[in-house]
Amino acid sequence: MAALRRKFGEDYQVVNTNRGATFPSAPVKKKRQRFVEKNGRCNVQHGNLGGETSRYLSDLFTTLVDLKWRWNLLIFILTYTIAWLVMASMWWIIAYIRGDINHGHDASYTPCVANVYNFPSAFLFFIETEATIGYGYRYITEKCPEGIILFLFQSLMGSIVDAFLIGCMFIKMSQPKKRAETLMFSQDSVISQRDGKLCLMFRVGNLRNSHMVSAQIRCKLIKSRQTPEGEFLPLDQCELDVGFGTGADQLFLVSPLTICHEINPKSPFFDLSQRSLMNEQFEIVVILEGIVETTGMTCQARTSYTEDEVLWGHRFLPVMSLEEGFFRVDYSQFHSTFEVPTPPYSVKEYEEKSPLHSPMMTPNREHVFSMDCLEAGEEGAGQGSGSASCRLPSKLQKMSSSGKDLQRRVLRLSSQHSDKASSTGDLPLKLQRLSSSPGQVDGEARFHLKALKVGFQPMAMSTGDLHQRSLPPTPAVTHSYALPHTPMTSAGGRPEDNLPAKLRRMNADR
């Protein structure tokens with residue numbers, strides 16, 4: 001136990017999955033009828049066949065093979081015994097009709113079968129002929145044509161009976177049902193997380209060294225349901241995906257494998273939770289098929305798991321260990337499980353509770369600052385902490401109060417609608433206008449205006465900017481600290497006349 005805790009952590013605990021153990025806290029549920037037994041036998045009986053029983057005689061060979069061994073042996077013995085008695089009786093009747101019985105010890109008389117003068121002698125003659133023993137004491141003479149015909153009929157019927165019964169017994173003995181006895185399934189199935197997904201898992205194993213060629217596994221969910229039209233479907237069968245699309249259902253069954261069914265929106269267990277599992281009634285039928293390597297015959301092994309045999313929040317113990325030169329499988333831990341932390345709610349509830357994350361894909365977000373970011377940056381600078389998404393560069397955080405007011409005004413104007421404020425394409429012209437006015441903005445303010453220009457450079461341009469750039473450029477004289485820009489020309493006015501009303505008022509105020 002200590003070694004197990006060191007390997008899997010302190011939160012894991014090995015539990016006993018023995019069905020004989022009783023837990024006082026668990027509610028005792030009434031054992032219900034299973035559709036498929038744990039040994040794979042289908043618990044279904046066919047009744048009220050009426051006239052359909054004749055179909056069994058039409059396929060007599062399969063009927064005999066499907067019978068139990070005691071009935072096969074009884075039919076085998078009775079068939080040979082009756083056939084021998086009937087054929088011996090026919091030889092005795094021929095001898096009786098010809099009068100050979102009355103002249104049994106007459107040396108001058110030629111009988112049909114020599115030395116046959118009663119029923120035991122006729123029975124021994126038939127056995128010697130059928131078994132081709134041939135002691136040489138009893139034989140057919142050439143003066144008995146009916147004996148020759150009966151001999152031919154006996155040879156044909158004997159071959160047919162031998163082929164039928166011996167073939168039936170051979171098929172019965174070579175059936176791969178006993179091969180399925182060496183294919184193991186875990187006593188319980190578990191539900192836990194694997195690769196971040198909730199999964200239903202169980203374990204399969206092969207006790208023999210001979211492989212199962214082309215082994216494939218399938219799962220069926222047996223559960224009664226009612227359709228929206230009101231039709232009740234008893235024992236409705238639903239397929240459980242165990243990797244059909246990915247090829248995971250094709251097994252290389254050399255060592256024990258854990259079969260996994262992912263619980264997703266397509267799974268019938270999509271809304272199954274730990275609480276609802278106690279009230280559910282279903283049965284999971286597992287079918288393992290493959291070709292026996294030694295005989296080449298197809299083998300099928302089956303088992304089932306009811307809702308009581310599904311353990312929530314458990315995982316199977318490892319059974320593989322590396323020895324010197326080989327891998328060792330410890331089948332004593334084949335059925336053992338241990339508890340793992342598992343959410344008690346269903347996948348459907350988890351998806352409904354999970355928030356939908358849809359992040360804004362804003363390019364060059366570090367260069368875009370809104371008015372809220374500026375205000376949050378001021379509050380964060382006063383308190384010593386701020387939001388990581390609204391934190392301004394160090395140069396902008398050192399601006400003076402007049403420079404901050406100017407930034408706030410420019411950002412307000414840039415965030416408004418195009419018909420009421422200047423667009424981002426108009427900002428360079430305004431900044432150049434302000435920076436080119438000597439005496440109005442000091443060197444520090446111009447330096448920060450240049451930083452604003454660099455910060456706003458990745459922003460999108462408006463249609464007004466595209467129109468302005470399409471016009472022929474006019475050379476303009478700028479200050480040494482001013483930012484490069486493309487001046488605008490109009491047919492009948494100064495470049496300032498093309499600015500929006502608010503920027504023109506700001507220029508007049510300054």
# chains A, B, ... in the order shown; residues from 1 in each chain; ligands from 1
call {"tool": "residues_around", "arguments": {"residues": "stretch 215-232 of chain A", "least_positions_apart": "3", "cutoff": "9 Å", "atoms": "only C-alpha atoms", "output": "PDB file with all heavy atoms, in the first residue's frame"}}
result
ATOM      1  N   PHE A  35     -29.566  -9.442 -19.235  1.00  0.00           N
ATOM      2  CA  PHE A  35     -29.785  -9.846 -20.616  1.00  0.00           C
ATOM      3  C   PHE A  35     -28.683 -10.796 -21.078  1.00  0.00           C
ATOM      4  O   PHE A  35     -28.941 -11.759 -21.792  1.00  0.00           O
ATOM      5  CB  PHE A  35     -29.842  -8.604 -21.509  1.00  0.00           C
ATOM      6  CG  PHE A  35     -30.221  -8.892 -22.923  1.00  0.00           C
ATOM      7  CD1 PHE A  35     -31.492  -9.307 -23.254  1.00  0.00           C
ATOM      8  CD2 PHE A  35     -29.295  -8.755 -23.941  1.00  0.00           C
ATOM      9  CE1 PHE A  35     -31.837  -9.581 -24.560  1.00  0.00           C
ATOM     10  CE2 PHE A  35     -29.624  -9.022 -25.251  1.00  0.00           C
ATOM     11  CZ  PHE A  35     -30.904  -9.434 -25.567  1.00  0.00           C
ATOM     12  N   HIS A 211      -1.990 -15.893 -29.957  1.00  0.00           N
ATOM     13  CA  HIS A 211      -2.639 -14.612 -30.182  1.00  0.00           C
ATOM     14  C   HIS A 211      -4.028 -14.793 -30.771  1.00  0.00           C
ATOM     15  O   HIS A 211      -4.361 -15.821 -31.364  1.00  0.00           O
ATOM     16  CB  HIS A 211      -1.797 -13.753 -31.124  1.00  0.00           C
ATOM     17  CG  HIS A 211      -0.441 -13.452 -30.587  1.00  0.00           C
ATOM     18  ND1 HIS A 211       0.551 -12.863 -31.346  1.00  0.00           N
ATOM     19  CD2 HIS A 211       0.113 -13.670 -29.372  1.00  0.00           C
ATOM     20  CE1 HIS A 211       1.635 -12.726 -30.615  1.00  0.00           C
ATOM     21  NE2 HIS A 211       1.399 -13.227 -29.420  1.00  0.00           N
ATOM     22  N   MET A 212      -4.809 -13.733 -30.625  1.00  0.00           N
ATOM     23  CA  MET A 212      -6.096 -13.618 -31.303  1.00  0.00           C
ATOM     24  C   MET A 212      -5.881 -12.731 -32.528  1.00  0.00           C
ATOM     25  O   MET A 212      -5.623 -11.536 -32.419  1.00  0.00           O
ATOM     26  CB  MET A 212      -7.146 -13.017 -30.378  1.00  0.00           C
ATOM     27  CG  MET A 212      -7.547 -13.902 -29.223  1.00  0.00           C
ATOM     28  SD  MET A 212      -8.503 -15.330 -29.758  1.00  0.00           S
ATOM     29  CE  MET A 212      -9.953 -14.518 -30.387  1.00  0.00           C
ATOM     30  N   LEU A 235     -35.562  -3.215 -24.073  1.00  0.00           N
ATOM     31  CA  LEU A 235     -34.212  -3.688 -24.364  1.00  0.00           C
ATOM     32  C   LEU A 235     -33.705  -3.146 -25.693  1.00  0.00           C
ATOM     33  O   LEU A 235     -33.217  -3.883 -26.567  1.00  0.00           O
ATOM     34  CB  LEU A 235     -34.159  -5.220 -24.358  1.00  0.00           C
ATOM     35  CG  LEU A 235     -34.618  -5.906 -23.065  1.00  0.00           C
ATOM     36  CD1 LEU A 235     -34.578  -7.419 -23.219  1.00  0.00           C
ATOM     37  CD2 LEU A 235     -33.767  -5.465 -21.900  1.00  0.00           C
ATOM     38  N   ASP A 236     -33.831  -1.840 -25.864  1.00  0.00           N
ATOM     39  CA  ASP A 236     -33.346  -1.207 -27.081  1.00  0.00           C
ATOM     40  C   ASP A 236     -31.815  -1.221 -27.090  1.00  0.00           C
ATOM     41  O   ASP A 236     -31.170  -0.976 -26.064  1.00  0.00           O
ATOM     42  CB  ASP A 236     -33.860   0.230 -27.164  1.00  0.00           C
ATOM     43  CG  ASP A 236     -33.448   0.905 -28.452  1.00  0.00           C
ATOM     44  OD1 ASP A 236     -33.603   0.278 -29.519  1.00  0.00           O
ATOM     45  OD2 ASP A 236     -32.973   2.059 -28.399  1.00  0.00           O
ATOM     46  N   GLN A 237     -31.226  -1.504 -28.250  1.00  0.00           N
ATOM     47  CA  GLN A 237     -29.781  -1.626 -28.385  1.00  0.00           C
ATOM     48  C   GLN A 237     -29.210  -0.374 -29.028  1.00  0.00           C
ATOM     49  O   GLN A 237     -29.706   0.091 -30.054  1.00  0.00           O
ATOM     50  CB  GLN A 237     -29.413  -2.852 -29.225  1.00  0.00           C
ATOM     51  CG  GLN A 237     -29.883  -4.165 -28.628  1.00  0.00           C
ATOM     52  CD  GLN A 237     -29.413  -5.357 -29.427  1.00  0.00           C
ATOM     53  OE1 GLN A 237     -28.543  -5.238 -30.294  1.00  0.00           O
ATOM     54  NE2 GLN A 237     -29.965  -6.529 -29.135  1.00  0.00           N
ATOM     55  N   CYS A 238     -28.163   0.154 -28.396  1.00  0.00           N
ATOM     56  CA  CYS A 238     -27.491   1.356 -28.879  1.00  0.00           C
ATOM     57  C   CYS A 238     -25.991   1.082 -28.915  1.00  0.00           C
ATOM     58  O   CYS A 238     -25.436   0.486 -27.987  1.00  0.00           O
ATOM     59  CB  CYS A 238     -27.797   2.558 -27.982  1.00  0.00           C
ATOM     60  SG  CYS A 238     -26.955   4.083 -28.455  1.00  0.00           S
ATOM     61  N   GLU A 239     -25.345   1.501 -29.982  1.00  0.00           N
ATOM     62  CA  GLU A 239     -23.912   1.254 -30.151  1.00  0.00           C
ATOM     63  C   GLU A 239     -23.101   2.249 -29.330  1.00  0.00           C
ATOM     64  O   GLU A 239     -23.381   3.443 -29.302  1.00  0.00           O
ATOM     65  CB  GLU A 239     -23.533   1.381 -31.630  1.00  0.00           C
ATOM     66  CG  GLU A 239     -22.119   0.980 -31.946  1.00  0.00           C
ATOM     67  CD  GLU A 239     -21.929  -0.518 -31.962  1.00  0.00           C
ATOM     68  OE1 GLU A 239     -22.939  -1.253 -32.068  1.00  0.00           O
ATOM     69  OE2 GLU A 239     -20.773  -0.965 -31.856  1.00  0.00           O
ATOM     70  N   LEU A 240     -22.080   1.733 -28.655  1.00  0.00           N
ATOM     71  CA  LEU A 240     -21.130   2.561 -27.914  1.00  0.00           C
ATOM     72  C   LEU A 240     -19.822   2.611 -28.691  1.00  0.00           C
ATOM     73  O   LEU A 240     -19.250   1.563 -29.029  1.00  0.00           O
ATOM     74  CB  LEU A 240     -20.873   2.000 -26.505  1.00  0.00           C
ATOM     75  CG  LEU A 240     -22.037   2.047 -25.519  1.00  0.00           C
ATOM     76  CD1 LEU A 240     -21.606   1.477 -24.182  1.00  0.00           C
ATOM     77  CD2 LEU A 240     -22.543   3.460 -25.343  1.00  0.00           C
ATOM     78  N   ASP A 241     -19.355   3.804 -28.974  1.00  0.00           N
ATOM     79  CA  ASP A 241     -18.139   3.987 -29.758  1.00  0.00           C
ATOM     80  C   ASP A 241     -16.911   3.729 -28.881  1.00  0.00           C
ATOM     81  O   ASP A 241     -16.690   4.420 -27.891  1.00  0.00           O
ATOM     82  CB  ASP A 241     -18.089   5.402 -30.326  1.00  0.00           C
ATOM     83  CG  ASP A 241     -16.914   5.596 -31.269  1.00  0.00           C
ATOM     84  OD1 ASP A 241     -16.309   4.584 -31.657  1.00  0.00           O
ATOM     85  OD2 ASP A 241     -16.606   6.757 -31.615  1.00  0.00           O
ATOM     86  N   VAL A 242     -16.145   2.726 -29.247  1.00  0.00           N
ATOM     87  CA  VAL A 242     -14.904   2.408 -28.531  1.00  0.00           C
ATOM     88  C   VAL A 242     -13.699   2.583 -29.445  1.00  0.00           C
ATOM     89  O   VAL A 242     -12.693   1.880 -29.297  1.00  0.00           O
ATOM     90  CB  VAL A 242     -14.949   0.981 -27.952  1.00  0.00           C
ATOM     91  CG1 VAL A 242     -15.905   0.895 -26.782  1.00  0.00           C
ATOM     92  CG2 VAL A 242     -15.321  -0.033 -29.028  1.00  0.00           C
ATOM     93  N   PHE A 244     -14.095   3.180 -33.146  1.00  0.00           N
ATOM     94  CA  PHE A 244     -14.309   2.660 -34.508  1.00  0.00           C
ATOM     95  C   PHE A 244     -13.721   3.601 -35.550  1.00  0.00           C
ATOM     96  O   PHE A 244     -13.137   3.166 -36.540  1.00  0.00           O
ATOM     97  CB  PHE A 244     -15.808   2.456 -34.751  1.00  0.00           C
ATOM     98  CG  PHE A 244     -16.127   1.991 -36.148  1.00  0.00           C
ATOM     99  CD1 PHE A 244     -15.924   0.674 -36.511  1.00  0.00           C
ATOM    100  CD2 PHE A 244     -16.620   2.868 -37.104  1.00  0.00           C
ATOM    101  CE1 PHE A 244     -16.208   0.239 -37.797  1.00  0.00           C
ATOM    102  CE2 PHE A 244     -16.908   2.441 -38.383  1.00  0.00           C
ATOM    103  CZ  PHE A 244     -16.707   1.123 -38.732  1.00  0.00           C
ATOM    104  N   ALA A 248      -9.133   2.234 -32.838  1.00  0.00           N
ATOM    105  CA  ALA A 248      -8.799   1.742 -31.504  1.00  0.00           C
ATOM    106  C   ALA A 248      -9.544   0.467 -31.154  1.00  0.00           C
ATOM    107  O   ALA A 248      -9.193  -0.209 -30.181  1.00  0.00           O
ATOM    108  CB  ALA A 248      -9.086   2.819 -30.456  1.00  0.00           C
ATOM    109  N   ASP A 249     -10.595   0.120 -31.916  1.00  0.00           N
ATOM    110  CA  ASP A 249     -11.321  -1.116 -31.645  1.00  0.00           C
ATOM    111  C   ASP A 249     -10.583  -2.345 -32.177  1.00  0.00           C
ATOM    112  O   ASP A 249     -10.941  -3.471 -31.848  1.00  0.00           O
ATOM    113  CB  ASP A 249     -12.716  -1.043 -32.253  1.00  0.00           C
ATOM    114  CG  ASP A 249     -12.680  -0.818 -33.757  1.00  0.00           C
ATOM    115  OD1 ASP A 249     -11.682  -0.247 -34.236  1.00  0.00           O
ATOM    116  OD2 ASP A 249     -13.633  -1.216 -34.452  1.00  0.00           O
ATOM    117  N   GLN A 250      -9.547  -2.161 -33.003  1.00  0.00           N
ATOM    118  CA  GLN A 250      -8.719  -3.262 -33.470  1.00  0.00           C
ATOM    119  C   GLN A 250      -7.603  -3.486 -32.439  1.00  0.00           C
ATOM    120  O   GLN A 250      -6.755  -2.621 -32.228  1.00  0.00           O
ATOM    121  CB  GLN A 250      -8.117  -2.940 -34.842  1.00  0.00           C
ATOM    122  CG  GLN A 250      -9.145  -2.597 -35.906  1.00  0.00           C
ATOM    123  CD  GLN A 250      -9.986  -3.790 -36.310  1.00  0.00           C
ATOM    124  OE1 GLN A 250      -9.541  -4.942 -36.209  1.00  0.00           O
ATOM    125  NE2 GLN A 250     -11.195  -3.536 -36.763  1.00  0.00           N
ATOM    126  N   LEU A 251      -7.624  -4.641 -31.795  1.00  0.00           N
ATOM    127  CA  LEU A 251      -6.765  -4.889 -30.644  1.00  0.00           C
ATOM    128  C   LEU A 251      -5.595  -5.791 -31.003  1.00  0.00           C
ATOM    129  O   LEU A 251      -5.728  -6.717 -31.808  1.00  0.00           O
ATOM    130  CB  LEU A 251      -7.572  -5.547 -29.511  1.00  0.00           C
ATOM    131  CG  LEU A 251      -8.856  -4.837 -29.082  1.00  0.00           C
ATOM    132  CD1 LEU A 251      -9.514  -5.617 -27.956  1.00  0.00           C
ATOM    133  CD2 LEU A 251      -8.585  -3.413 -28.669  1.00  0.00           C
ATOM    134  N   PHE A 252      -4.461  -5.477 -30.418  1.00  0.00           N
ATOM    135  CA  PHE A 252      -3.297  -6.371 -30.411  1.00  0.00           C
ATOM    136  C   PHE A 252      -3.219  -6.944 -29.002  1.00  0.00           C
ATOM    137  O   PHE A 252      -2.514  -6.450 -28.134  1.00  0.00           O
ATOM    138  CB  PHE A 252      -2.042  -5.597 -30.795  1.00  0.00           C
ATOM    139  CG  PHE A 252      -0.805  -6.445 -30.860  1.00  0.00           C
ATOM    140  CD1 PHE A 252      -0.754  -7.550 -31.694  1.00  0.00           C
ATOM    141  CD2 PHE A 252       0.303  -6.137 -30.097  1.00  0.00           C
ATOM    142  CE1 PHE A 252       0.385  -8.337 -31.752  1.00  0.00           C
ATOM    143  CE2 PHE A 252       1.445  -6.910 -30.147  1.00  0.00           C
ATOM    144  CZ  PHE A 252       1.485  -8.018 -30.978  1.00  0.00           C
ATOM    145  N   LEU A 253      -3.962  -8.037 -28.801  1.00  0.00           N
ATOM    146  CA  LEU A 253      -4.238  -8.530 -27.462  1.00  0.00           C
ATOM    147  C   LEU A 253      -3.126  -9.469 -27.013  1.00  0.00           C
ATOM    148  O   LEU A 253      -3.299 -10.689 -26.898  1.00  0.00           O
ATOM    149  CB  LEU A 253      -5.601  -9.229 -27.433  1.00  0.00           C
ATOM    150  CG  LEU A 253      -6.236  -9.427 -26.065  1.00  0.00           C
ATOM    151  CD1 LEU A 253      -6.423  -8.108 -25.352  1.00  0.00           C
ATOM    152  CD2 LEU A 253      -7.577 -10.138 -26.206  1.00  0.00           C
ATOM    153  N   ILE A 259     -10.062  -0.767 -22.491  1.00  0.00           N
ATOM    154  CA  ILE A 259     -10.913  -0.241 -23.559  1.00  0.00           C
ATOM    155  C   ILE A 259     -11.609   1.003 -23.038  1.00  0.00           C
ATOM    156  O   ILE A 259     -12.135   1.018 -21.918  1.00  0.00           O
ATOM    157  CB  ILE A 259     -11.926  -1.298 -24.019  1.00  0.00           C
ATOM    158  CG1 ILE A 259     -11.213  -2.615 -24.315  1.00  0.00           C
ATOM    159  CG2 ILE A 259     -12.679  -0.812 -25.235  1.00  0.00           C
ATOM    160  CD1 ILE A 259     -10.129  -2.523 -25.358  1.00  0.00           C
ATOM    161  N   PRO A 268     -24.499   8.016 -25.410  1.00  0.00           N
ATOM    162  CA  PRO A 268     -25.747   7.922 -24.638  1.00  0.00           C
ATOM    163  C   PRO A 268     -25.563   8.246 -23.167  1.00  0.00           C
ATOM    164  O   PRO A 268     -26.553   8.416 -22.463  1.00  0.00           O
ATOM    165  CB  PRO A 268     -26.172   6.462 -24.844  1.00  0.00           C
ATOM    166  CG  PRO A 268     -24.929   5.745 -25.241  1.00  0.00           C
ATOM    167  CD  PRO A 268     -24.091   6.726 -25.984  1.00  0.00           C
ATOM    168  N   GLN A 281     -31.056   2.213 -15.072  1.00  0.00           N
ATOM    169  CA  GLN A 281     -31.147   0.775 -15.317  1.00  0.00           C
ATOM    170  C   GLN A 281     -30.713   0.525 -16.755  1.00  0.00           C
ATOM    171  O   GLN A 281     -31.441   0.847 -17.698  1.00  0.00           O
ATOM    172  CB  GLN A 281     -32.563   0.245 -15.084  1.00  0.00           C
ATOM    173  CG  GLN A 281     -32.941   0.118 -13.625  1.00  0.00           C
ATOM    174  CD  GLN A 281     -34.239  -0.646 -13.431  1.00  0.00           C
ATOM    175  OE1 GLN A 281     -34.894  -1.031 -14.404  1.00  0.00           O
ATOM    176  NE2 GLN A 281     -34.615  -0.874 -12.190  1.00  0.00           N
ATOM    177  N   PHE A 282     -29.541  -0.017 -16.910  1.00  0.00           N
ATOM    178  CA  PHE A 282     -29.022  -0.324 -18.240  1.00  0.00           C
ATOM    179  C   PHE A 282     -28.048  -1.481 -18.113  1.00  0.00           C
ATOM    180  O   PHE A 282     -27.691  -1.913 -17.022  1.00  0.00           O
ATOM    181  CB  PHE A 282     -28.332   0.905 -18.865  1.00  0.00           C
ATOM    182  CG  PHE A 282     -27.167   1.426 -18.073  1.00  0.00           C
ATOM    183  CD1 PHE A 282     -25.894   0.884 -18.208  1.00  0.00           C
ATOM    184  CD2 PHE A 282     -27.339   2.482 -17.183  1.00  0.00           C
ATOM    185  CE1 PHE A 282     -24.829   1.364 -17.479  1.00  0.00           C
ATOM    186  CE2 PHE A 282     -26.279   2.979 -16.448  1.00  0.00           C
ATOM    187  CZ  PHE A 282     -25.019   2.418 -16.602  1.00  0.00           C
ATOM    188  N   GLU A 283     -27.621  -1.963 -19.247  1.00  0.00           N
ATOM    189  CA  GLU A 283     -26.669  -3.067 -19.313  1.00  0.00           C
ATOM    190  C   GLU A 283     -25.763  -2.847 -20.518  1.00  0.00           C
ATOM    191  O   GLU A 283     -26.247  -2.577 -21.620  1.00  0.00           O
ATOM    192  CB  GLU A 283     -27.386  -4.407 -19.419  1.00  0.00           C
ATOM    193  CG  GLU A 283     -26.463  -5.607 -19.328  1.00  0.00           C
ATOM    194  CD  GLU A 283     -27.233  -6.912 -19.240  1.00  0.00           C
ATOM    195  OE1 GLU A 283     -28.452  -6.858 -19.016  1.00  0.00           O
ATOM    196  OE2 GLU A 283     -26.598  -7.980 -19.395  1.00  0.00           O
ATOM    197  N   ILE A 284     -24.476  -2.943 -20.295  1.00  0.00           N
ATOM    198  CA  ILE A 284     -23.479  -2.771 -21.350  1.00  0.00           C
ATOM    199  C   ILE A 284     -22.968  -4.146 -21.742  1.00  0.00           C
ATOM    200  O   ILE A 284     -22.371  -4.852 -20.928  1.00  0.00           O
ATOM    201  CB  ILE A 284     -22.327  -1.873 -20.880  1.00  0.00           C
ATOM    202  CG1 ILE A 284     -22.858  -0.516 -20.429  1.00  0.00           C
ATOM    203  CG2 ILE A 284     -21.298  -1.708 -21.982  1.00  0.00           C
ATOM    204  CD1 ILE A 284     -21.808   0.360 -19.784  1.00  0.00           C
ATOM    205  N   VAL A 285     -23.220  -4.534 -22.979  1.00  0.00           N
ATOM    206  CA  VAL A 285     -22.784  -5.835 -23.490  1.00  0.00           C
ATOM    207  C   VAL A 285     -21.499  -5.623 -24.286  1.00  0.00           C
ATOM    208  O   VAL A 285     -21.452  -4.798 -25.206  1.00  0.00           O
ATOM    209  CB  VAL A 285     -23.868  -6.473 -24.371  1.00  0.00           C
ATOM    210  CG1 VAL A 285     -23.388  -7.811 -24.923  1.00  0.00           C
ATOM    211  CG2 VAL A 285     -25.147  -6.659 -23.572  1.00  0.00           C
ATOM    212  N   VAL A 286     -20.459  -6.366 -23.919  1.00  0.00           N
ATOM    213  CA  VAL A 286     -19.151  -6.276 -24.570  1.00  0.00           C
ATOM    214  C   VAL A 286     -18.938  -7.545 -25.386  1.00  0.00           C
ATOM    215  O   VAL A 286     -19.119  -8.654 -24.879  1.00  0.00           O
ATOM    216  CB  VAL A 286     -18.023  -6.094 -23.532  1.00  0.00           C
ATOM    217  CG1 VAL A 286     -16.683  -5.980 -24.225  1.00  0.00           C
ATOM    218  CG2 VAL A 286     -18.291  -4.874 -22.667  1.00  0.00           C
ATOM    219  N   ILE A 287     -18.563  -7.380 -26.648  1.00  0.00           N
ATOM    220  CA  ILE A 287     -18.359  -8.499 -27.567  1.00  0.00           C
ATOM    221  C   ILE A 287     -16.945  -8.404 -28.124  1.00  0.00           C
ATOM    222  O   ILE A 287     -16.578  -7.407 -28.749  1.00  0.00           O
ATOM    223  CB  ILE A 287     -19.386  -8.474 -28.721  1.00  0.00           C
ATOM    224  CG1 ILE A 287     -20.809  -8.453 -28.164  1.00  0.00           C
ATOM    225  CG2 ILE A 287     -19.180  -9.661 -29.641  1.00  0.00           C
ATOM    226  CD1 ILE A 287     -21.867  -8.221 -29.212  1.00  0.00           C
ATOM    227  N   LEU A 288     -16.154  -9.432 -27.878  1.00  0.00           N
ATOM    228  CA  LEU A 288     -14.786  -9.516 -28.382  1.00  0.00           C
ATOM    229  C   LEU A 288     -14.702 -10.652 -29.390  1.00  0.00           C
ATOM    230  O   LEU A 288     -15.025 -11.797 -29.061  1.00  0.00           O
ATOM    231  CB  LEU A 288     -13.802  -9.753 -27.228  1.00  0.00           C
ATOM    232  CG  LEU A 288     -12.334  -9.957 -27.602  1.00  0.00           C
ATOM    233  CD1 LEU A 288     -11.780  -8.733 -28.302  1.00  0.00           C
ATOM    234  CD2 LEU A 288     -11.503 -10.306 -26.372  1.00  0.00           C
ATOM    235  N   GLU A 289     -14.294 -10.330 -30.609  1.00  0.00           N
ATOM    236  CA  GLU A 289     -14.209 -11.311 -31.682  1.00  0.00           C
ATOM    237  C   GLU A 289     -12.782 -11.365 -32.214  1.00  0.00           C
ATOM    238  O   GLU A 289     -12.071 -10.345 -32.224  1.00  0.00           O
ATOM    239  CB  GLU A 289     -15.168 -10.963 -32.832  1.00  0.00           C
ATOM    240  CG  GLU A 289     -16.631 -11.086 -32.469  1.00  0.00           C
ATOM    241  CD  GLU A 289     -17.528 -10.714 -33.627  1.00  0.00           C
ATOM    242  OE1 GLU A 289     -17.046 -10.009 -34.541  1.00  0.00           O
ATOM    243  OE2 GLU A 289     -18.700 -11.118 -33.629  1.00  0.00           O
ATOM    244  N   GLY A 290     -12.399 -12.550 -32.672  1.00  0.00           N
ATOM    245  CA  GLY A 290     -11.079 -12.727 -33.252  1.00  0.00           C
ATOM    246  C   GLY A 290     -10.919 -14.132 -33.794  1.00  0.00           C
ATOM    247  O   GLY A 290     -11.764 -15.015 -33.581  1.00  0.00           O
ATOM    248  N   ILE A 291      -9.844 -14.341 -34.513  1.00  0.00           N
ATOM    249  CA  ILE A 291      -9.539 -15.638 -35.118  1.00  0.00           C
ATOM    250  C   ILE A 291      -8.494 -16.335 -34.255  1.00  0.00           C
ATOM    251  O   ILE A 291      -7.454 -15.753 -33.925  1.00  0.00           O
ATOM    252  CB  ILE A 291      -9.027 -15.461 -36.556  1.00  0.00           C
ATOM    253  CG1 ILE A 291     -10.083 -14.758 -37.403  1.00  0.00           C
ATOM    254  CG2 ILE A 291      -8.665 -16.804 -37.174  1.00  0.00           C
ATOM    255  CD1 ILE A 291      -9.617 -14.432 -38.804  1.00  0.00           C
TER     256      ILE A 291
END
call {"tool": "residues_around", "arguments": {"residues": "A:Ala83", "least_positions_apart": "3", "cutoff": "12 Å", "atoms": "only C-alpha atoms", "output": "count of residues only"}}
result
22
call {"tool": "atom_distance", "arguments": {"atom1": "atom CA of A:Leu198", "atom2": "atom CA of A:Asn264"}}
result
8.1 Å
call {"tool": "select_by_dssp", "arguments": {"residues": "stretch 57-254 of chain A", "states": "helix (DSSP H, G or I)", "output": "NGL selection string"}}
result
:A and (57-58 or 60-66 or 69-98 or 119-130 or 145-173 or 179-182)
call {"tool": "closest_residue", "arguments": {"among": "A:Ile97, A:Leu277, A:Ser54, A:Met297", "to": "A:Ser214", "atoms": "only C-alpha atoms"}}
result
A:Met297
call {"tool": "closest_residue", "arguments": {"among": "A:Gln175, A:Ser255, A:Ser189, A:Ser155", "to": "A:Tyr331", "atoms": "only C-alpha atoms"}}
result
A:Ser255
call {"tool": "atom_distance", "arguments": {"atom1": "atom CA of A:Val113", "atom2": "atom CA of A:Arg138"}}
result
6.6 Å
call {"tool": "closest_residue", "arguments": {"among": "A:His46, A:Arg179, A:Lys143, A:Arg315", "to": "A:Thr295", "atoms": "only C-alpha atoms"}}
result
A:Arg179
call {"tool": "residues_around", "arguments": {"residues": "A:Val204", "least_positions_apart": "6", "cutoff": "8 Å", "atoms": "only C-alpha atoms", "output": "ChimeraX atom specification"}}
result
/A:183-186,256-259
call {"tool": "atom_distance", "arguments": {"atom1": "atom CA of A:Leu124", "atom2": "atom CA of A:Ile140"}}
result
13.4 Å
call {"tool": "residues_around", "arguments": {"residues": "stretch 340-357 of chain A", "least_positions_apart": "2", "cutoff": "6 Å", "atoms": "only C-alpha atoms", "output": "PyMOL selection string"}}
result
chain A and resi 12+192+270-274+313-314
